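S.K.: my_file.cif is reproduced in full below (mmCIF, C-alpha atoms).
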```
data_structure
#
loop_
_atom_site.label_atom_id
_atom_site.label_comp_id
_atom_site.auth_asym_id
_atom_site.auth_seq_id
_atom_site.Cartn_x
_atom_site.Cartn_y
_atom_site.Cartn_z
CA MET A 1 12.64 -11.69 -21.90
CA ASN A 2 10.76 -9.05 -19.90
CA ILE A 3 11.09 -9.78 -16.17
CA ALA A 4 10.43 -8.39 -12.69
CA VAL A 5 12.81 -9.16 -9.82
CA VAL A 6 11.56 -9.05 -6.23
CA THR A 7 13.60 -9.63 -3.07
CA GLY A 8 12.06 -10.52 0.28
CA ALA A 9 9.32 -12.20 -1.73
CA SER A 10 8.36 -14.99 0.68
CA SER A 11 6.19 -12.90 3.01
CA GLY A 12 4.83 -9.51 3.99
CA MET A 13 5.43 -6.53 1.74
CA GLY A 14 7.61 -8.49 -0.69
CA ARG A 15 4.93 -11.09 -1.27
CA GLU A 16 2.22 -8.50 -1.88
CA LEU A 17 4.48 -6.54 -4.22
CA VAL A 18 5.04 -9.70 -6.27
CA LEU A 19 1.28 -10.16 -6.62
CA ALA A 20 0.78 -6.48 -7.40
CA ALA A 21 3.52 -6.51 -10.05
CA ASP A 22 1.98 -9.64 -11.58
CA ARG A 23 -1.42 -7.94 -11.77
CA GLU A 24 -0.33 -4.52 -12.95
CA TYR A 25 2.72 -5.14 -15.14
CA SER A 26 2.23 -8.64 -16.59
CA PRO A 27 5.94 -9.52 -16.94
CA ASP A 28 6.95 -12.59 -18.90
CA GLU A 29 8.64 -13.93 -15.77
CA ILE A 30 9.06 -12.91 -12.15
CA TRP A 31 12.24 -13.79 -10.30
CA VAL A 32 11.37 -14.15 -6.62
CA ILE A 33 14.21 -14.06 -4.11
CA ALA A 34 14.12 -15.07 -0.44
CA ARG A 35 15.50 -17.74 1.87
CA ARG A 36 12.35 -19.83 2.25
CA GLU A 37 12.01 -21.88 -0.91
CA GLU A 38 8.71 -23.52 0.01
CA ARG A 39 7.08 -20.14 0.57
CA LEU A 40 8.31 -18.98 -2.82
CA LYS A 41 6.91 -22.08 -4.53
CA GLU A 42 3.53 -21.45 -2.89
CA LEU A 43 3.61 -17.87 -4.13
CA ALA A 44 4.43 -19.02 -7.66
CA SER A 45 1.16 -20.93 -7.81
CA GLU A 46 -0.75 -17.66 -7.25
CA CYS A 47 0.85 -15.72 -10.12
CA ARG A 48 -0.25 -15.54 -13.74
CA ALA A 49 3.29 -14.92 -14.93
CA SER A 50 5.92 -17.63 -14.97
CA VAL A 51 7.86 -17.53 -11.70
CA ARG A 52 11.51 -18.42 -11.21
CA VAL A 53 12.24 -19.34 -7.59
CA LEU A 54 15.65 -18.20 -6.37
CA ALA A 55 16.12 -19.41 -2.81
CA MET A 56 18.97 -17.17 -1.68
CA ASP A 57 20.07 -15.45 1.52
CA LEU A 58 21.03 -11.90 0.57
CA SER A 59 23.07 -11.49 3.72
CA ILE A 60 25.60 -13.87 2.13
CA LYS A 61 27.95 -12.48 -0.54
CA GLU A 62 27.81 -15.66 -2.61
CA SER A 63 24.15 -14.94 -3.34
CA PHE A 64 25.14 -11.89 -5.36
CA ASP A 65 27.69 -13.92 -7.29
CA LYS A 66 24.90 -16.36 -8.15
CA TYR A 67 22.54 -13.55 -9.16
CA LYS A 68 25.18 -11.87 -11.32
CA ALA A 69 26.01 -15.13 -13.08
CA LEU A 70 22.32 -15.77 -13.78
CA LEU A 71 21.86 -12.29 -15.23
CA GLU A 72 24.88 -12.72 -17.50
CA ALA A 73 23.66 -16.12 -18.67
CA GLU A 74 20.05 -15.07 -19.30
CA ALA A 75 20.55 -11.40 -20.32
CA PRO A 76 16.97 -10.49 -19.34
CA ASP A 77 15.24 -7.15 -19.76
CA ILE A 78 14.54 -6.14 -16.14
CA ARG A 79 11.50 -3.92 -16.35
CA LEU A 80 10.89 -3.80 -12.61
CA LEU A 81 13.24 -4.35 -9.66
CA ILE A 82 11.66 -4.40 -6.20
CA ASN A 83 13.93 -4.46 -3.17
CA ALA A 84 11.71 -5.54 -0.28
CA ALA A 85 14.10 -7.74 1.72
CA GLY A 86 14.79 -6.44 5.20
CA TYR A 87 14.13 -6.66 8.91
CA GLY A 88 14.44 -4.66 12.11
CA PHE A 89 14.44 -4.88 15.88
CA PHE A 90 12.65 -2.65 18.38
CA GLY A 91 14.33 -2.04 21.73
CA ALA A 92 17.13 -0.17 23.44
CA PHE A 93 20.28 -0.27 21.29
CA GLU A 94 22.53 -1.64 24.05
CA ASP A 95 20.04 -4.38 24.95
CA LEU A 96 19.87 -5.89 21.46
CA GLU A 97 22.45 -8.35 20.15
CA LEU A 98 25.18 -6.84 18.02
CA ASP A 99 25.08 -9.40 15.20
CA GLY A 100 21.39 -8.83 14.68
CA GLN A 101 21.80 -5.08 14.45
CA LEU A 102 24.72 -5.33 12.06
CA GLY A 103 22.57 -7.68 10.01
CA ILE A 104 19.94 -4.96 9.63
CA ALA A 105 22.43 -2.74 7.83
CA GLU A 106 23.71 -5.73 5.85
CA LEU A 107 20.31 -6.67 4.46
CA ASN A 108 18.37 -3.39 4.42
CA ASP A 109 21.20 -1.34 2.93
CA LYS A 110 24.13 -3.33 1.54
CA ALA A 111 21.99 -6.00 -0.15
CA LEU A 112 19.64 -3.40 -1.61
CA THR A 113 22.61 -1.44 -2.95
CA ALA A 114 24.12 -4.57 -4.50
CA MET A 115 20.84 -5.57 -6.16
CA CYS A 116 20.53 -2.15 -7.78
CA TYR A 117 24.14 -2.17 -8.94
CA LEU A 118 24.00 -5.66 -10.46
CA SER A 119 20.58 -5.15 -12.06
CA LEU A 120 21.14 -1.78 -13.73
CA PRO A 121 23.18 -3.11 -16.70
CA PHE A 122 20.07 -5.12 -17.61
CA MET A 123 17.62 -2.21 -17.34
CA LYS A 124 16.73 0.31 -20.01
CA SER A 125 14.48 3.32 -20.54
CA GLY A 126 11.04 2.66 -19.11
CA SER A 127 12.30 0.37 -16.36
CA SER A 128 11.63 1.07 -12.68
CA ILE A 129 13.12 0.37 -9.26
CA ILE A 130 11.06 0.22 -6.08
CA ASN A 131 12.98 0.30 -2.80
CA LEU A 132 11.13 -0.42 0.42
CA GLY A 133 11.74 2.32 2.96
CA SER A 134 9.67 3.21 6.01
CA ASN A 135 7.92 6.10 7.69
CA SER A 136 10.85 5.93 10.14
CA ALA A 137 13.16 7.09 7.33
CA TRP A 138 12.17 10.71 7.91
CA GLN A 139 13.46 11.07 11.48
CA PRO A 140 15.77 9.54 14.10
CA VAL A 141 13.75 6.99 16.09
CA PRO A 142 14.97 6.04 19.58
CA TYR A 143 14.44 2.35 20.41
CA MET A 144 14.44 1.64 16.67
CA ALA A 145 17.75 3.39 16.13
CA VAL A 146 19.50 1.06 13.68
CA TYR A 147 16.36 0.15 11.75
CA ALA A 148 15.30 3.78 11.29
CA ALA A 149 18.82 4.76 10.25
CA SER A 150 18.89 1.93 7.71
CA LYS A 151 15.67 3.21 6.17
CA ALA A 152 16.98 6.79 6.09
CA TYR A 153 19.77 5.40 3.92
CA VAL A 154 17.23 3.71 1.63
CA LEU A 155 15.29 6.95 1.18
CA SER A 156 18.37 9.09 0.54
CA PHE A 157 19.94 6.51 -1.78
CA SER A 158 16.71 6.08 -3.76
CA ARG A 159 16.31 9.81 -4.32
CA ALA A 160 19.92 10.30 -5.39
CA LEU A 161 19.91 7.22 -7.64
CA GLY A 162 16.66 8.36 -9.22
CA ARG A 163 18.24 11.67 -10.16
CA GLU A 164 21.30 9.94 -11.63
CA LEU A 165 19.15 7.59 -13.72
CA LYS A 166 16.69 10.21 -14.93
CA GLY A 167 18.64 10.71 -18.13
CA ARG A 168 18.45 6.98 -18.86
CA GLY A 169 14.68 6.96 -18.41
CA ILE A 170 14.84 4.63 -15.39
CA HIS A 171 12.53 5.64 -12.55
CA VAL A 172 13.29 5.03 -8.87
CA MET A 173 10.65 5.17 -6.13
CA CYS A 174 10.97 4.66 -2.38
CA VAL A 175 7.91 3.24 -0.58
CA CYS A 176 7.61 4.65 2.94
CA PRO A 177 4.68 3.01 4.77
CA GLY A 178 3.54 3.52 8.33
CA TRP A 179 2.71 0.57 10.59
CA VAL A 180 1.97 -2.56 8.54
CA LYS A 181 0.73 -5.88 9.95
CA THR A 182 3.22 -8.46 8.61
CA GLU A 183 5.65 -11.07 9.91
CA PHE A 184 8.16 -8.22 10.14
CA MET A 185 6.43 -7.06 13.33
CA GLU A 186 6.57 -10.54 14.88
CA ARG A 187 10.35 -10.49 14.54
CA ALA A 188 10.87 -6.82 15.36
CA VAL A 189 8.92 -6.60 18.61
CA ARG A 190 11.01 -8.17 21.38
CA ASP A 191 9.26 -6.64 24.41
CA ASP A 192 7.01 -3.70 25.25
CA THR A 193 9.67 -1.02 24.63
CA VAL A 194 7.75 0.13 21.54
CA ASN A 195 4.07 -0.19 22.38
CA TYR A 196 2.21 2.74 20.80
CA PHE A 197 0.94 2.14 17.26
CA ASP A 198 -1.40 4.85 16.04
CA ARG A 199 -2.75 3.29 12.85
CA TRP A 200 -2.33 -0.03 11.02
CA TYR A 201 -2.35 -0.70 7.29
CA THR A 202 -2.24 -3.97 5.38
CA ALA A 203 0.60 -5.01 3.10
CA LYS A 204 -1.84 -5.21 0.18
CA GLU A 205 -2.97 -1.63 0.74
CA VAL A 206 0.63 -0.43 0.69
CA ALA A 207 1.47 -2.48 -2.42
CA ASP A 208 -1.61 -1.27 -4.30
CA GLN A 209 -0.75 2.36 -3.50
CA ALA A 210 2.84 1.76 -4.61
CA MET A 211 1.67 0.52 -8.02
CA LYS A 212 -0.56 3.58 -8.46
CA ASP A 213 2.25 5.94 -7.46
CA LEU A 214 4.77 4.19 -9.69
CA LYS A 215 2.55 4.78 -12.72
CA LYS A 216 2.45 8.47 -11.75
CA LYS A 217 6.27 8.49 -11.60
CA LYS A 218 6.34 9.58 -7.97
CA SER A 219 9.71 9.44 -6.21
CA VAL A 220 8.13 8.50 -2.87
CA SER A 221 5.00 6.48 -2.16
CA ILE A 222 3.18 7.09 1.13
CA LEU A 223 -0.13 5.43 1.94
CA GLY A 224 -2.63 7.28 4.09
CA ALA A 225 -3.36 10.94 4.82
CA PRO A 226 -2.30 10.62 8.51
CA VAL A 227 1.13 9.31 7.49
CA ARG A 228 1.56 12.02 4.86
CA ARG A 229 0.64 14.69 7.41
CA GLN A 230 3.17 13.30 9.85
CA VAL A 231 5.91 13.36 7.20
CA ARG A 232 5.16 16.99 6.36
CA LEU A 233 5.15 17.90 10.04
CA VAL A 234 8.47 16.29 11.00
CA LYS A 235 10.19 18.13 8.16
CA HIS A 236 9.48 21.44 9.91
CA LEU A 237 9.78 20.57 13.61
CA PRO A 238 13.08 20.50 15.56
CA VAL A 239 14.54 17.00 15.66
CA ASP A 240 14.63 16.96 19.47
CA MET A 241 10.93 17.83 19.62
CA VAL A 242 10.10 15.01 17.21
CA MET A 243 12.09 12.50 19.29
CA ASP A 244 10.57 13.82 22.53
CA THR A 245 7.08 13.29 21.13
CA TRP A 246 7.91 9.75 20.01
CA CYS A 247 9.42 8.86 23.38
CA LYS A 248 6.41 10.20 25.28
CA GLN A 249 4.11 8.13 23.08
CA GLN A 250 6.12 5.06 24.05
CA GLY A 251 6.14 5.98 27.75
CA LYS A 252 9.84 6.81 27.79
CA GLU A 253 11.62 9.87 29.20
#
```
Here is a file; write its structure as structure tokens.

M.R.:
Amino acid sequence: MNIAVVTGASSGMGRELVLAADREYSPDEIWVIARREERLKELASECRASVRVLAMDLSIKESFDKYKALLEAEAPDIRLLINAAGYGFFGAFEDLELDGQLGIAELNDKALTAMCYLSLPFMKSGSSIINLGSNSAWQPVPYMAVYAASKAYVLSFSRALGRELKGRGIHVMCVCPGWVKTEFMERAVRDDTVNYFDRWYTAKEVADQAMKDLKKKKSVSILGAPVRRQVRLVKHLPVDMVMDTWCKQQGKE
């Protein structure tokens, strides 16, 4: 059975990536993973492919035991794994609750790593992995410190894993969007600490670009010329200058 597996599928980027994968790759079945079962069932009604709803919280270890057992029982051919589960908080590090910030690393990094590790035995040449990064992956970002660091991990891990899997014919791509209007922002923004947003994109635009770039075997997918220019620029500027510019944009010293 040819399947796609998508985490964080109940909303935002995950939801749009499910729909994009359904349109572009026509899997026999899509396994959608998120906490909100009702949202997943609603999404299933919009897909052409058969959808298996897996209501799981990937911040809980037992979820991976359940996923592993299901893989071993079904022995599917995973043609596409999309790791889109994640969240972040914007604000001063010391003002944000510790558990929430530790949870960012737990979901954005540890869960993503576990999903790759458990899925790989069921992937073969021609399969692909999409990991959701962020434009913040390219630089340290004050007032988004833990979130940006978590996405730097995703970018670095994706590139290294892609090189390791090249010989097996498995492609890995990291999607690094700029500002995207999703429920993520409703949870991330706690106050006006981060208040400057230069350009907004939609989740569908990012997902559509990701599908195009995946077919071209790109290692990184970036939507929008302004975002691509920014990425090129920060690679050459001193880190302190980049952080100074960001802080000035946000009205911080």

S.K.: Step by step, work through what the PyMOL selection byres ((chain A and resi 139) around 9) selects in the shown file, and finish by giving those residues as a PDB file with C-alpha atoms, in the frame of the given file.

M.R.:
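This went into out-v6.pdb:
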```
ATOM      1  CA  ASN A 135       7.920   6.100   7.690  1.00  0.00           C
ATOM      2  CA  SER A 136      10.850   5.930  10.140  1.00  0.00           C
ATOM      3  CA  ALA A 137      13.160   7.090   7.330  1.00  0.00           C
ATOM      4  CA  TRP A 138      12.170  10.710   7.910  1.00  0.00           C
ATOM      5  CA  PRO A 140      15.770   9.540  14.100  1.00  0.00           C
ATOM      6  CA  VAL A 141      13.750   6.990  16.090  1.00  0.00           C
ATOM      7  CA  ALA A 148      15.300   3.780  11.290  1.00  0.00           C
ATOM      8  CA  ALA A 149      18.820   4.760  10.250  1.00  0.00           C
ATOM      9  CA  ALA A 152      16.980   6.790   6.090  1.00  0.00           C
ATOM     10  CA  VAL A 231       5.910  13.360   7.200  1.00  0.00           C
ATOM     11  CA  VAL A 234       8.470  16.290  11.000  1.00  0.00           C
ATOM     12  CA  LYS A 235      10.190  18.130   8.160  1.00  0.00           C
ATOM     13  CA  VAL A 239      14.540  17.000  15.660  1.00  0.00           C
ATOM     14  CA  VAL A 242      10.100  15.010  17.210  1.00  0.00           C
ATOM     15  CA  MET A 243      12.090  12.500  19.290  1.00  0.00           C
TER      16      MET A 243
END
```

S.K.: Within 12 Å of (23.6, -1.4, 4.0), in the coordinates the file gives, what residues turn up when you count only C-alpha atoms, written out as a list in words?

M.R.: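 Every residue inside that radius is included here: Leu58, Ser59, Ala85, Gly86, Tyr87, Gln101, Leu102, Gly103, Ile104, Ala105, Glu106, Leu107, Asn108, Asp109, Lys110, Ala111, Leu112, Thr113, Ala114, Met115, Val146, Tyr147, Ala149, Ser150, Lys151, Ala152, Tyr153, Val154 and Phe157 of chain A.
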
S.K.: Between A:Leu80, A:Ile60, A:Leu161, A:Ala145, which one has atoms that come closest to Val32 (chain A), using all atoms listed in the file?

M.R.: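 Counting all atoms listed in the file, the residue closest to Val32 (chain A) is A:Leu80.
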
S.K.: So which residues touch Ile170 (chain A) within 8 Å, counting all atoms listed in the file, skipping near sequence neighbours fewer than 3 positions away, as a count of residues only?

M.R.: 11

S.K.: Applying the PyMOL selection byres ((chain A and resi 35-46) around 8) to the file I just gave you, which residues come out? Please list them as a ChimeraX atom specification.

M.R.: /A:9-11,15,19,32-34,47-48,50-57

S.K.: Which residues are close to Lys218 (chain A), i.e. within 12 Å by all atoms listed in the file, leaving aside same-chain residues fewer than 2 positions away? Reply as a PyMOL selection string.

M.R.: chain A and resi 128-130+158-159+162+171-175+209-216+220-222

S.K.: Given the choices A:Thr245, A:Arg79, A:Asp28, A:Pro142, which gets closest to Gly91 (chain A) if the distance is worked out from all atoms listed in the file?

M.R.: A:Pro142

S.K.: Name all residues at most 9 Å from Ser119 (chain A) (count all atoms listed in the file; drop same-chain ones fewer than 6 positions away) and give them as a list in words.

M.R.: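 Near neighbours after the sequence-gap exclusion: Lys68, Leu71, Ile78 and Leu81 of chain A.
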
S.K.: Just how far from CA of Pro76 (chain A) is CA of Met1 (chain A), in Å to one decimal?

M.R.: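 Pair CA of Met1 (chain A) / CA of Pro76 (chain A) returns 5.2 Å.
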
S.K.: I'd like to know which of A:Pro238, A:Leu118, A:Trp179, A:Phe89 is closest to Asp65 (chain A), using all atoms listed in the file.

M.R.: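 Of A:Pro238, A:Leu118, A:Trp179, A:Phe89, the one nearest Asp65 (chain A), counting all atoms listed in the file, is A:Leu118.
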
S.K.: For the provided coordinates, the residues matched by the PyMOL selection byres ((chain A and resi 201) around 7) should be stated as a PyMOL selection string.

M.R.: chain A and resi 179-181+199-200+202-203+205

S.K.: Distance CA of Ala84 (chain A)-CA of Met13 (chain A), one decimal place?

M.R.: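 These atoms are spaced 6.7 Å apart.
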
S.K.: Work out how far CA of Ile82 (chain A) is from CA of Pro27 (chain A), in Å to one decimal.

M.R.: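 If I compute the distance from CA of Pro27 (chain A) to CA of Ile82 (chain A), I get 13.2 Å.
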